[in-house]
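Enquirer: For reference, this is data-v5.cif, and it has mmCIF, C-alpha atoms and all ligand atoms.
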```
data_protein
#
loop_
_atom_site.group_PDB
_atom_site.id
_atom_site.type_symbol
_atom_site.label_atom_id
_atom_site.label_comp_id
_atom_site.auth_asym_id
_atom_site.auth_seq_id
_atom_site.Cartn_x
_atom_site.Cartn_y
_atom_site.Cartn_z
ATOM 1 C CA MET I 1 0.538 -55.128 -86.459
ATOM 2 C CA LEU I 2 4.231 -55.698 -86.973
ATOM 3 C CA VAL I 3 5.844 -52.907 -89.002
ATOM 4 C CA THR I 4 9.391 -51.864 -89.871
ATOM 5 C CA LEU I 5 11.537 -49.325 -88.085
ATOM 6 C CA LYS I 6 11.180 -47.001 -91.078
ATOM 7 C CA LYS I 7 7.395 -47.133 -90.856
ATOM 8 C CA VAL I 8 7.190 -45.929 -87.241
ATOM 9 C CA ILE I 9 10.021 -43.406 -87.641
ATOM 10 C CA ASP I 10 8.297 -41.959 -90.735
ATOM 11 C CA MET I 11 5.066 -41.618 -88.754
ATOM 12 C CA ALA I 12 6.927 -39.669 -86.067
ATOM 13 C CA GLU I 13 8.741 -37.512 -88.609
ATOM 14 C CA ASN I 14 5.586 -36.651 -90.523
ATOM 15 C CA GLY I 15 3.581 -35.997 -87.364
ATOM 16 C CA ASN I 16 6.319 -34.147 -85.421
ATOM 17 C CA PHE I 17 6.227 -36.475 -82.454
ATOM 18 C CA CYS I 18 8.400 -39.252 -81.030
ATOM 19 C CA ILE I 19 8.037 -43.035 -80.860
ATOM 20 C CA PRO I 20 8.538 -44.495 -77.378
ATOM 21 C CA ALA I 21 10.870 -47.495 -77.555
ATOM 22 C CA PHE I 22 10.402 -49.742 -74.541
ATOM 23 C CA ASN I 23 13.012 -52.324 -73.598
ATOM 24 C CA VAL I 24 11.117 -55.537 -72.859
ATOM 25 C CA TYR I 25 12.445 -58.499 -70.918
ATOM 26 C CA ASN I 26 9.664 -61.029 -70.485
ATOM 27 C CA MET I 27 6.036 -61.743 -71.349
ATOM 28 C CA GLU I 28 4.698 -59.457 -68.622
ATOM 29 C CA THR I 29 6.600 -56.379 -69.776
ATOM 30 C CA VAL I 30 5.428 -57.069 -73.351
ATOM 31 C CA MET I 31 1.825 -57.343 -72.123
ATOM 32 C CA GLY I 32 2.015 -54.071 -70.172
ATOM 33 C CA VAL I 33 3.414 -52.134 -73.141
ATOM 34 C CA ALA I 34 0.968 -53.773 -75.584
ATOM 35 C CA GLU I 35 -2.077 -52.890 -73.469
ATOM 36 C CA ALA I 36 -0.950 -49.268 -73.074
ATOM 37 C CA ALA I 37 -0.237 -48.832 -76.803
ATOM 38 C CA GLU I 38 -3.565 -50.372 -77.806
ATOM 39 C CA GLU I 39 -5.608 -48.285 -75.377
ATOM 40 C CA LEU I 40 -3.878 -45.013 -76.266
ATOM 41 C CA ARG I 41 -3.741 -45.795 -80.017
ATOM 42 C CA ALA I 42 0.011 -45.267 -80.107
ATOM 43 C CA PRO I 43 2.678 -46.662 -82.460
ATOM 44 C CA VAL I 44 5.456 -48.183 -80.334
ATOM 45 C CA ILE I 45 8.761 -49.999 -80.499
ATOM 46 C CA MET I 46 9.475 -53.062 -78.348
ATOM 47 C CA GLN I 47 13.208 -53.589 -78.196
ATOM 48 C CA VAL I 48 15.462 -56.280 -76.822
ATOM 49 C CA TYR I 49 19.046 -56.085 -75.564
ATOM 50 C CA PRO I 50 21.469 -58.414 -77.382
ATOM 51 C CA ARG I 51 22.200 -60.163 -74.065
ATOM 52 C CA LEU I 52 18.748 -61.732 -74.259
ATOM 53 C CA PHE I 53 19.392 -62.989 -77.791
ATOM 54 C CA ASN I 54 22.680 -64.480 -76.627
ATOM 55 C CA GLU I 55 20.989 -66.241 -73.728
ATOM 56 C CA GLU I 56 18.001 -68.547 -73.896
ATOM 57 C CA ALA I 57 15.509 -65.826 -72.835
ATOM 58 C CA GLY I 58 15.523 -64.343 -76.342
ATOM 59 C CA TYR I 59 14.426 -67.659 -77.832
ATOM 60 C CA TYR I 60 11.202 -67.447 -75.799
ATOM 61 C CA LEU I 61 10.793 -63.681 -75.819
ATOM 62 C CA ALA I 62 10.863 -63.126 -79.595
ATOM 63 C CA PRO I 63 7.710 -65.220 -80.268
ATOM 64 C CA VAL I 64 5.960 -63.392 -77.411
ATOM 65 C CA ILE I 65 6.688 -60.015 -79.026
ATOM 66 C CA LEU I 66 5.581 -61.312 -82.428
ATOM 67 C CA ALA I 67 2.366 -62.707 -80.910
ATOM 68 C CA ALA I 68 1.649 -59.341 -79.284
ATOM 69 C CA ALA I 69 2.317 -57.497 -82.548
ATOM 70 C CA LYS I 70 0.005 -59.872 -84.445
ATOM 71 C CA LYS I 71 -2.832 -59.215 -82.013
ATOM 72 C CA MET I 72 -2.308 -55.461 -81.771
ATOM 73 C CA THR I 73 -4.081 -53.090 -84.139
ATOM 74 C CA VAL I 74 -1.495 -50.299 -83.709
ATOM 75 C CA PRO I 75 1.913 -50.365 -85.462
ATOM 76 C CA VAL I 76 4.655 -52.157 -83.493
ATOM 77 C CA CYS I 77 8.305 -52.491 -84.448
ATOM 78 C CA PHE I 78 10.332 -55.357 -82.938
ATOM 79 C CA HIS I 79 13.828 -53.910 -82.630
ATOM 80 C CA LEU I 80 17.292 -55.153 -81.632
ATOM 81 C CA ASP I 81 18.825 -52.639 -79.202
ATOM 82 C CA HIS I 82 22.607 -52.000 -79.160
ATOM 83 C CA GLY I 83 23.561 -54.859 -81.486
ATOM 84 C CA PRO I 84 27.376 -55.015 -81.283
ATOM 85 C CA SER I 85 28.115 -57.235 -84.303
ATOM 86 C CA GLU I 86 26.779 -59.154 -87.270
ATOM 87 C CA TYR I 87 26.303 -62.214 -85.041
ATOM 88 C CA GLU I 88 23.561 -60.641 -82.882
ATOM 89 C CA VAL I 89 22.020 -58.909 -85.898
ATOM 90 C CA ILE I 90 21.550 -62.191 -87.766
ATOM 91 C CA LYS I 91 20.093 -63.810 -84.654
ATOM 92 C CA ALA I 92 17.609 -60.953 -84.239
ATOM 93 C CA LEU I 93 16.594 -61.006 -87.912
ATOM 94 C CA ARG I 94 16.128 -64.770 -87.751
ATOM 95 C CA SER I 95 13.912 -64.225 -84.675
ATOM 96 C CA GLY I 96 11.695 -61.823 -86.633
ATOM 97 C CA ALA I 97 13.077 -58.403 -85.702
ATOM 98 C CA SER I 98 11.791 -55.627 -87.978
ATOM 99 C CA GLY I 99 14.326 -53.023 -86.849
ATOM 100 C CA ILE I 100 18.011 -53.259 -85.974
ATOM 101 C CA MET I 101 20.350 -51.049 -84.003
ATOM 102 C CA LEU I 102 24.033 -51.455 -84.709
ATOM 103 C CA ASP I 103 26.057 -49.789 -81.987
ATOM 104 C CA GLY I 104 29.565 -49.200 -83.256
ATOM 105 C CA SER I 105 30.103 -46.158 -81.034
ATOM 106 C CA GLU I 106 33.042 -47.648 -79.170
ATOM 107 C CA HIS I 107 34.974 -48.090 -82.412
ATOM 108 C CA SER I 108 36.900 -45.401 -84.263
ATOM 109 C CA PHE I 109 34.825 -43.210 -86.607
ATOM 110 C CA GLU I 110 36.031 -45.100 -89.688
ATOM 111 C CA ASP I 111 35.410 -48.549 -88.143
ATOM 112 C CA ASN I 112 31.972 -47.439 -86.921
ATOM 113 C CA VAL I 113 31.107 -46.233 -90.456
ATOM 114 C CA ALA I 114 32.358 -49.466 -92.054
ATOM 115 C CA LEU I 115 30.534 -51.798 -89.624
ATOM 116 C CA THR I 116 27.285 -49.799 -89.631
ATOM 117 C CA LYS I 117 27.225 -49.589 -93.440
ATOM 118 C CA HIS I 118 27.893 -53.324 -93.715
ATOM 119 C CA ILE I 119 24.972 -54.078 -91.355
ATOM 120 C CA ALA I 120 22.681 -51.552 -93.084
ATOM 121 C CA ASP I 121 23.439 -53.289 -96.407
ATOM 122 C CA ILE I 122 22.738 -56.769 -94.999
ATOM 123 C CA CYS I 123 19.506 -55.661 -93.317
ATOM 124 C CA GLY I 124 18.455 -53.794 -96.457
ATOM 125 C CA THR I 125 18.369 -57.079 -98.385
ATOM 126 C CA VAL I 126 15.517 -58.232 -96.131
ATOM 127 C CA GLY I 127 13.758 -54.851 -95.965
ATOM 128 C CA VAL I 128 14.877 -53.928 -92.440
ATOM 129 C CA GLN I 129 16.382 -50.539 -91.581
ATOM 130 C CA VAL I 130 19.151 -49.701 -89.149
ATOM 131 C CA GLU I 131 19.677 -47.258 -86.275
ATOM 132 C CA GLY I 132 23.313 -46.223 -85.810
ATOM 133 C CA GLU I 133 25.082 -44.553 -82.898
ATOM 134 C CA LEU I 134 27.649 -41.783 -83.082
ATOM 135 C CA GLY I 135 29.029 -40.454 -79.797
ATOM 136 C CA HIS I 136 29.195 -43.252 -77.255
ATOM 137 C CA ILE I 137 26.224 -43.162 -74.849
ATOM 138 C CA GLY I 138 27.542 -44.608 -71.617
ATOM 139 C CA SER I 139 26.116 -45.394 -68.200
ATOM 140 C CA VAL I 140 25.189 -43.013 -65.386
ATOM 141 C CA ASN I 141 27.916 -44.830 -63.411
ATOM 142 C CA ASP I 142 30.725 -43.804 -65.792
ATOM 143 C CA ASP I 143 33.243 -41.290 -64.415
ATOM 144 C CA ALA I 144 32.857 -39.012 -67.422
ATOM 145 C CA MET I 145 30.863 -38.721 -70.632
ATOM 146 C CA ASP I 146 32.438 -38.964 -74.057
ATOM 147 C CA GLU I 147 32.480 -35.970 -76.364
ATOM 148 C CA PHE I 148 28.992 -35.038 -77.497
ATOM 149 C CA THR I 149 28.043 -35.921 -81.090
ATOM 150 C CA ASN I 150 29.590 -33.541 -83.597
ATOM 151 C CA PRO I 151 27.064 -32.305 -86.231
ATOM 152 C CA ASP I 152 29.520 -32.428 -89.156
ATOM 153 C CA ASP I 153 30.664 -35.943 -88.223
ATOM 154 C CA ALA I 154 27.005 -36.951 -87.958
ATOM 155 C CA ALA I 155 26.333 -35.634 -91.473
ATOM 156 C CA GLU I 156 29.224 -37.691 -92.891
ATOM 157 C CA PHE I 157 28.203 -40.763 -90.870
ATOM 158 C CA VAL I 158 24.608 -40.638 -92.113
ATOM 159 C CA ARG I 159 25.672 -40.064 -95.719
ATOM 160 C CA ARG I 160 28.147 -42.939 -95.744
ATOM 161 C CA THR I 161 26.128 -45.550 -93.805
ATOM 162 C CA GLY I 162 22.533 -45.066 -94.983
ATOM 163 C CA VAL I 163 21.075 -45.407 -91.456
ATOM 164 C CA ALA I 164 17.368 -44.678 -90.984
ATOM 165 C CA CYS I 165 17.923 -42.906 -87.668
ATOM 166 C CA LEU I 166 20.825 -41.940 -85.450
ATOM 167 C CA ALA I 167 21.385 -42.226 -81.686
ATOM 168 C CA VAL I 168 23.307 -39.220 -80.394
ATOM 169 C CA LEU I 169 25.145 -38.192 -77.241
ATOM 170 C CA ILE I 170 23.733 -34.890 -75.987
ATOM 171 C CA GLY I 171 24.104 -35.245 -72.203
ATOM 172 C CA ASN I 172 22.108 -38.478 -71.867
ATOM 173 C CA ALA I 173 23.204 -41.780 -70.271
ATOM 174 C CA HIS I 174 21.781 -45.215 -69.480
ATOM 175 C CA GLY I 175 20.317 -45.826 -66.023
ATOM 176 C CA HIS I 176 18.756 -43.579 -63.396
ATOM 177 C CA TYR I 177 20.564 -40.224 -63.385
ATOM 178 C CA LYS I 178 22.230 -39.288 -60.101
ATOM 179 C CA LYS I 179 21.293 -35.675 -60.774
ATOM 180 C CA PRO I 180 18.948 -34.444 -63.524
ATOM 181 C CA PRO I 181 20.733 -34.343 -66.912
ATOM 182 C CA LYS I 182 20.973 -31.173 -68.948
ATOM 183 C CA LEU I 183 20.352 -32.111 -72.550
ATOM 184 C CA ASP I 184 22.053 -30.036 -75.235
ATOM 185 C CA ILE I 185 18.930 -29.170 -77.221
ATOM 186 C CA GLU I 186 20.781 -26.725 -79.505
ATOM 187 C CA ARG I 187 23.004 -29.642 -80.555
ATOM 188 C CA VAL I 188 19.922 -31.667 -81.527
ATOM 189 C CA LYS I 189 18.888 -28.823 -83.824
ATOM 190 C CA ALA I 190 22.428 -28.460 -85.212
ATOM 191 C CA ILE I 191 22.686 -32.206 -85.963
ATOM 192 C CA ARG I 192 19.302 -32.166 -87.663
ATOM 193 C CA LYS I 193 20.366 -29.194 -89.791
ATOM 194 C CA ALA I 194 23.765 -30.637 -90.722
ATOM 195 C CA THR I 195 22.315 -34.035 -91.671
ATOM 196 C CA GLY I 196 19.383 -32.674 -93.677
ATOM 197 C CA GLY I 197 16.916 -33.806 -91.005
ATOM 198 C CA ILE I 198 17.910 -37.355 -90.030
ATOM 199 C CA PRO I 199 15.491 -38.649 -87.346
ATOM 200 C CA LEU I 200 17.382 -38.678 -84.036
ATOM 201 C CA VAL I 201 17.224 -41.161 -81.171
ATOM 202 C CA LEU I 202 17.466 -40.352 -77.459
ATOM 203 C CA HIS I 203 18.814 -43.212 -75.359
ATOM 204 C CA GLY I 204 18.635 -43.166 -71.571
ATOM 205 C CA GLY I 205 15.036 -41.938 -71.458
ATOM 206 C CA SER I 206 14.457 -43.005 -67.828
ATOM 207 C CA GLY I 207 14.534 -39.995 -65.532
ATOM 208 C CA ILE I 208 14.990 -37.161 -68.028
ATOM 209 C CA PRO I 209 12.810 -34.274 -66.783
ATOM 210 C CA ASP I 210 9.588 -33.961 -68.780
ATOM 211 C CA ASP I 211 10.292 -30.421 -70.002
ATOM 212 C CA GLN I 212 13.624 -31.547 -71.496
ATOM 213 C CA VAL I 213 12.015 -34.545 -73.208
ATOM 214 C CA LYS I 214 9.433 -32.222 -74.753
ATOM 215 C CA ALA I 215 12.107 -29.768 -75.899
ATOM 216 C CA ALA I 216 14.150 -32.638 -77.380
ATOM 217 C CA VAL I 217 11.124 -33.948 -79.288
ATOM 218 C CA ALA I 218 10.337 -30.452 -80.580
ATOM 219 C CA ALA I 219 13.966 -30.215 -81.790
ATOM 220 C CA GLY I 220 13.869 -33.512 -83.734
ATOM 221 C CA ILE I 221 14.136 -36.537 -81.434
ATOM 222 C CA ARG I 222 11.953 -39.195 -83.101
ATOM 223 C CA LYS I 223 12.629 -42.259 -80.917
ATOM 224 C CA MET I 224 13.176 -42.305 -77.170
ATOM 225 C CA ASN I 225 14.419 -45.421 -75.355
ATOM 226 C CA ILE I 226 13.022 -46.358 -71.960
ATOM 227 C CA GLY I 227 14.603 -49.331 -70.172
ATOM 228 C CA THR I 228 15.361 -48.752 -66.489
ATOM 229 C CA ASP I 229 11.905 -47.294 -65.834
ATOM 230 C CA VAL I 230 10.322 -50.476 -67.273
ATOM 231 C CA CYS I 231 12.382 -52.593 -64.852
ATOM 232 C CA CYS I 232 11.464 -50.374 -61.897
ATOM 233 C CA ALA I 233 7.762 -50.414 -62.787
ATOM 234 C CA PHE I 234 7.851 -54.212 -63.026
ATOM 235 C CA ALA I 235 9.690 -54.519 -59.691
ATOM 236 C CA ASP I 236 7.330 -52.046 -57.970
ATOM 237 C CA GLY I 237 4.332 -54.168 -58.987
ATOM 238 C CA ALA I 238 5.975 -57.350 -57.700
ATOM 239 C CA LYS I 239 7.055 -55.685 -54.443
ATOM 240 C CA ALA I 240 3.547 -54.387 -53.748
ATOM 241 C CA GLU I 241 2.118 -57.854 -54.380
ATOM 242 C CA LEU I 242 4.725 -59.477 -52.111
ATOM 243 C CA GLU I 243 3.518 -57.196 -49.338
ATOM 244 C CA ASN I 244 -0.136 -58.068 -50.016
ATOM 245 C CA PRO I 245 -1.139 -60.598 -47.322
ATOM 246 C CA GLY I 246 -4.000 -61.880 -49.499
ATOM 247 C CA ARG I 247 -1.808 -62.566 -52.536
ATOM 248 C CA SER I 248 -2.186 -65.708 -54.575
ATOM 249 C CA LEU I 249 0.674 -68.175 -54.992
ATOM 250 C CA ALA I 250 -0.315 -68.702 -58.626
ATOM 251 C CA VAL I 251 2.425 -67.001 -60.619
ATOM 252 C CA ASP I 252 0.118 -65.604 -63.307
ATOM 253 C CA LEU I 253 -1.980 -63.862 -60.635
ATOM 254 C CA PHE I 254 1.119 -62.699 -58.773
ATOM 255 C CA MET I 255 2.330 -61.025 -61.997
ATOM 256 C CA LYS I 256 -0.840 -59.013 -62.647
ATOM 257 C CA PRO I 257 0.236 -55.942 -60.600
ATOM 258 C CA SER I 258 3.572 -55.921 -62.446
ATOM 259 C CA ILE I 259 1.798 -55.925 -65.811
ATOM 260 C CA GLU I 260 -0.481 -53.134 -64.595
ATOM 261 C CA SER I 261 2.488 -51.116 -63.306
ATOM 262 C CA VAL I 262 4.385 -51.443 -66.624
ATOM 263 C CA LYS I 263 1.187 -50.461 -68.444
ATOM 264 C CA ARG I 264 0.834 -47.260 -66.372
ATOM 265 C CA LEU I 265 4.490 -46.366 -66.996
ATOM 266 C CA ALA I 266 4.087 -46.992 -70.727
ATOM 267 C CA GLU I 267 0.968 -44.807 -70.830
ATOM 268 C CA GLU I 268 2.823 -41.986 -69.106
ATOM 269 C CA LYS I 269 5.736 -42.132 -71.580
ATOM 270 C CA ILE I 270 3.477 -42.478 -74.621
ATOM 271 C CA ARG I 271 1.710 -39.265 -73.598
ATOM 272 C CA LEU I 272 4.971 -37.512 -72.732
ATOM 273 C CA VAL I 273 6.428 -37.989 -76.234
ATOM 274 C CA GLY I 274 3.128 -37.173 -77.948
ATOM 275 C CA ALA I 275 2.524 -40.620 -79.482
ATOM 276 C CA ASP I 276 -1.013 -41.052 -78.106
ATOM 277 C CA GLY I 277 -3.707 -41.064 -80.765
ATOM 278 C CA LYS I 278 -1.125 -41.223 -83.588
ATOM 279 C CA ALA I 279 -1.651 -44.845 -84.708
HETATM 280 P P1 LIG I 301 17.400 -46.284 -69.714
HETATM 281 O O1 LIG I 301 17.549 -47.642 -69.113
HETATM 282 O O2 LIG I 301 18.236 -45.259 -69.058
HETATM 283 O O3 LIG I 301 15.969 -45.876 -69.841
HETATM 284 O O4 LIG I 301 17.992 -46.376 -71.203
HETATM 285 C C1 LIG I 301 17.446 -47.314 -72.082
HETATM 286 C C2 LIG I 301 18.148 -47.288 -73.365
HETATM 287 O O5 LIG I 301 18.602 -46.262 -73.832
HETATM 288 C C3 LIG I 301 18.270 -48.567 -74.079
HETATM 289 O O6 LIG I 301 19.061 -48.493 -75.195
#
```
Using the file provided, produce a representation of the structure as structure tokens.
Expert:
Amino acid sequence: MLVTLKKVIDMAENGNFCIPAFNVYNMETVMGVAEAAEELRAPVIMQVYPRLFNEEAGYYLAPVILAAAKKMTVPVCFHLDHGPSEYEVIKALRSGASGIMLDGSEHSFEDNVALTKHIADICGTVGVQVEGELGHIGSVNDDAMDEFTNPDDAAEFVRRTGVACLAVLIGNAHGHYKKPPKLDIERVKAIRKATGGIPLVLHGGSGIPDDQVKAAVAAGIRKMNIGTDVCCAFADGAKAELENPGRSLAVDLFMKPSIESVKRLAEEKIRLVGADGKA
């Protein structure tokens, strides 16, 4: 069933676990995540990069996510990931998104507050909540990371914007880490304390060692994003099938190992963040 961002985040907060948020790109990745969530009875988020909304893929992908959510008996939030401006936010809402991320982390603090609050107000009028970002989470290919999220700044940001959850920079980055990251777990606790317990979001979930993910969840991470691992799982399935001499040319049959591979990855992450059996 399709639910709001607040609904799944509240479930995680009340149950002391974390919602896995899978970036989806096509029907097959949606199917893999949906099957895993259903079988493990896990609430999940399916999220889409704004690039897809700005290209034609989003036009086709949004109804696929909504169809999956309609069929599923576990709670599913359809979320815009890293929305940069009102333009993408409106497109996502019009496509049926039930959660929105506004990423103003590359702006100054004041501009980030102003833009995020504006988007939170707009989304609030249609009952959708917003994830903000404070402390720019870059790519594993960047030369250096920005300054980690400051707890006092986070408290002011949350108070002034009204976000439902906050993405923070604590040593994480997007993509496959070149060497294992070292998350600043004490900072997670400090941000939680300073903000009065705002649910926190961990981006760059692909490749963080399991023990650090568990420590981060115990400290107050309530949503973890997984993108690169979804792509790799999909590609692994396709590669294995390409090497299968008995493979079918029919595209739907060719895609089955990719769906299965995404499903196995989703199951692993659902268990890792403790979302299994929580629906
Ligand atoms: P990864 O691709 O590193 O898993 O990060 C995904 C993400 O944080 C999307 O916002």
Enquirer: Considering all atoms listed in the file, can you say which of I:His176, I:Lys6, I:His118, I:Arg160 comes closest to ligand LIG 301 (chain I)?
Expert: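 Closest residue, counting all atoms listed in the file: I:His176.
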Enquirer: Using all atoms listed in the file, which protein or nucleic acid residues are at most 9 Å from ligand LIG 301 (chain I), as a PDB file with C-alpha atoms, in the frame of the given file?
Expert:
```
ATOM      1  CA  ALA I  21      10.870 -47.495 -77.555  1.00  0.00           C
ATOM      2  CA  PHE I  22      10.402 -49.742 -74.541  1.00  0.00           C
ATOM      3  CA  ASN I  23      13.012 -52.324 -73.598  1.00  0.00           C
ATOM      4  CA  GLN I  47      13.208 -53.589 -78.196  1.00  0.00           C
ATOM      5  CA  VAL I  48      15.462 -56.280 -76.822  1.00  0.00           C
ATOM      6  CA  TYR I  49      19.046 -56.085 -75.564  1.00  0.00           C
ATOM      7  CA  ASP I  81      18.825 -52.639 -79.202  1.00  0.00           C
ATOM      8  CA  HIS I  82      22.607 -52.000 -79.160  1.00  0.00           C
ATOM      9  CA  ILE I 137      26.224 -43.162 -74.849  1.00  0.00           C
ATOM     10  CA  SER I 139      26.116 -45.394 -68.200  1.00  0.00           C
ATOM     11  CA  VAL I 140      25.189 -43.013 -65.386  1.00  0.00           C
ATOM     12  CA  ASN I 172      22.108 -38.478 -71.867  1.00  0.00           C
ATOM     13  CA  ALA I 173      23.204 -41.780 -70.271  1.00  0.00           C
ATOM     14  CA  HIS I 174      21.781 -45.215 -69.480  1.00  0.00           C
ATOM     15  CA  GLY I 175      20.317 -45.826 -66.023  1.00  0.00           C
ATOM     16  CA  HIS I 176      18.756 -43.579 -63.396  1.00  0.00           C
ATOM     17  CA  TYR I 177      20.564 -40.224 -63.385  1.00  0.00           C
ATOM     18  CA  LEU I 202      17.466 -40.352 -77.459  1.00  0.00           C
ATOM     19  CA  HIS I 203      18.814 -43.212 -75.359  1.00  0.00           C
ATOM     20  CA  GLY I 204      18.635 -43.166 -71.571  1.00  0.00           C
ATOM     21  CA  GLY I 205      15.036 -41.938 -71.458  1.00  0.00           C
ATOM     22  CA  SER I 206      14.457 -43.005 -67.828  1.00  0.00           C
ATOM     23  CA  GLY I 207      14.534 -39.995 -65.532  1.00  0.00           C
ATOM     24  CA  ILE I 208      14.990 -37.161 -68.028  1.00  0.00           C
ATOM     25  CA  MET I 224      13.176 -42.305 -77.170  1.00  0.00           C
ATOM     26  CA  ASN I 225      14.419 -45.421 -75.355  1.00  0.00           C
ATOM     27  CA  ILE I 226      13.022 -46.358 -71.960  1.00  0.00           C
ATOM     28  CA  GLY I 227      14.603 -49.331 -70.172  1.00  0.00           C
ATOM     29  CA  THR I 228      15.361 -48.752 -66.489  1.00  0.00           C
ATOM     30  CA  ASP I 229      11.905 -47.294 -65.834  1.00  0.00           C
ATOM     31  CA  VAL I 230      10.322 -50.476 -67.273  1.00  0.00           C
ATOM     32  CA  CYS I 231      12.382 -52.593 -64.852  1.00  0.00           C
TER      33      CYS I 231
END
```
Enquirer: Between I:Leu253, I:Ala219, I:Val163, I:Ala97, which residue has the minimum interatomic distance to I:Arg187, considering only C-alpha atoms?
Expert: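 Among the listed residues, I:Ala219 lies closest to I:Arg187.
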Enquirer: Take atom CA of I:Ile122 and atom CA of I:Ala12 and report the distance between them in Å, one decimal.
Expert: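 So the two atoms, atom CA of I:Ile122 and atom CA of I:Ala12, lie 24.9 Å apart.
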Enquirer: For the provided coordinates, the residues matched by the PyMOL selection byres (((chain I and resi 41) around 12) and not hetatm) should be stated as a PyMOL selection string.
Expert: chain I and resi 33-40+42-44+72-76+267+270-271+274-279
Enquirer: Give me a file of those residues, with C-alpha atoms, as a PDB file, in the coordinates of the input.
Expert:
```pdb
ATOM      1  CA  VAL I  33       3.414 -52.134 -73.141  1.00  0.00           C
ATOM      2  CA  ALA I  34       0.968 -53.773 -75.584  1.00  0.00           C
ATOM      3  CA  GLU I  35      -2.077 -52.890 -73.469  1.00  0.00           C
ATOM      4  CA  ALA I  36      -0.950 -49.268 -73.074  1.00  0.00           C
ATOM      5  CA  ALA I  37      -0.237 -48.832 -76.803  1.00  0.00           C
ATOM      6  CA  GLU I  38      -3.565 -50.372 -77.806  1.00  0.00           C
ATOM      7  CA  GLU I  39      -5.608 -48.285 -75.377  1.00  0.00           C
ATOM      8  CA  LEU I  40      -3.878 -45.013 -76.266  1.00  0.00           C
ATOM      9  CA  ALA I  42       0.011 -45.267 -80.107  1.00  0.00           C
ATOM     10  CA  PRO I  43       2.678 -46.662 -82.460  1.00  0.00           C
ATOM     11  CA  VAL I  44       5.456 -48.183 -80.334  1.00  0.00           C
ATOM     12  CA  MET I  72      -2.308 -55.461 -81.771  1.00  0.00           C
ATOM     13  CA  THR I  73      -4.081 -53.090 -84.139  1.00  0.00           C
ATOM     14  CA  VAL I  74      -1.495 -50.299 -83.709  1.00  0.00           C
ATOM     15  CA  PRO I  75       1.913 -50.365 -85.462  1.00  0.00           C
ATOM     16  CA  VAL I  76       4.655 -52.157 -83.493  1.00  0.00           C
ATOM     17  CA  GLU I 267       0.968 -44.807 -70.830  1.00  0.00           C
ATOM     18  CA  ILE I 270       3.477 -42.478 -74.621  1.00  0.00           C
ATOM     19  CA  ARG I 271       1.710 -39.265 -73.598  1.00  0.00           C
ATOM     20  CA  GLY I 274       3.128 -37.173 -77.948  1.00  0.00           C
ATOM     21  CA  ALA I 275       2.524 -40.620 -79.482  1.00  0.00           C
ATOM     22  CA  ASP I 276      -1.013 -41.052 -78.106  1.00  0.00           C
ATOM     23  CA  GLY I 277      -3.707 -41.064 -80.765  1.00  0.00           C
ATOM     24  CA  LYS I 278      -1.125 -41.223 -83.588  1.00  0.00           C
ATOM     25  CA  ALA I 279      -1.651 -44.845 -84.708  1.00  0.00           C
TER      26      ALA I 279
END
```
Enquirer: With distances taken over all atoms listed in the file, which of I:Ile100, I:Ala167, I:Val251, I:Ile198 is nearest to I:Asp10?
Expert: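 Ranked by minimum distance to I:Asp10, first place goes to I:Ile198.
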Enquirer: Might you spell out which residues the PyMOL selection byres (((chain I and resi 150-158) around 9) and not hetatm) would select in the displayed file, as a list in words?
Expert: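 Residues picked by the PyMOL selection byres (((chain I and resi 150-158) around 9) and not hetatm): Phe109, Asn112, Val113, Gly132, Leu134, Gly135, Glu147, Phe148, Thr149, Arg159, Arg160, Thr161, Gly162, Val163, Ala164, Cys165, Leu166, Val168, Arg187, Val188, Ala190, Ile191, Arg192, Lys193, Ala194, Thr195, Gly196 and Ile198 of chain I.
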Enquirer: May I have the protein, DNA and RNA residues with any atom at most 7 Å from the point (21.9, -53.7, -90.2), counting all atoms listed in the file, written as a ChimeraX atom specification?
Expert: /I:89,100-102,116,118-123,129-130
Enquirer: Put those residues in a file: C-alpha atoms, as a compact mmCIF listing (two decimals), in the frame of the given file.
Expert:
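And here's result_25.txt as it stands now:
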```
# COMPACT_ATOMS: atom_id res chain seq x y z
CA VAL I 89 22.02 -58.91 -85.90
CA ILE I 100 18.01 -53.26 -85.97
CA MET I 101 20.35 -51.05 -84.00
CA LEU I 102 24.03 -51.46 -84.71
CA THR I 116 27.28 -49.80 -89.63
CA HIS I 118 27.89 -53.32 -93.72
CA ILE I 119 24.97 -54.08 -91.36
CA ALA I 120 22.68 -51.55 -93.08
CA ASP I 121 23.44 -53.29 -96.41
CA ILE I 122 22.74 -56.77 -95.00
CA CYS I 123 19.51 -55.66 -93.32
CA GLN I 129 16.38 -50.54 -91.58
CA VAL I 130 19.15 -49.70 -89.15
```
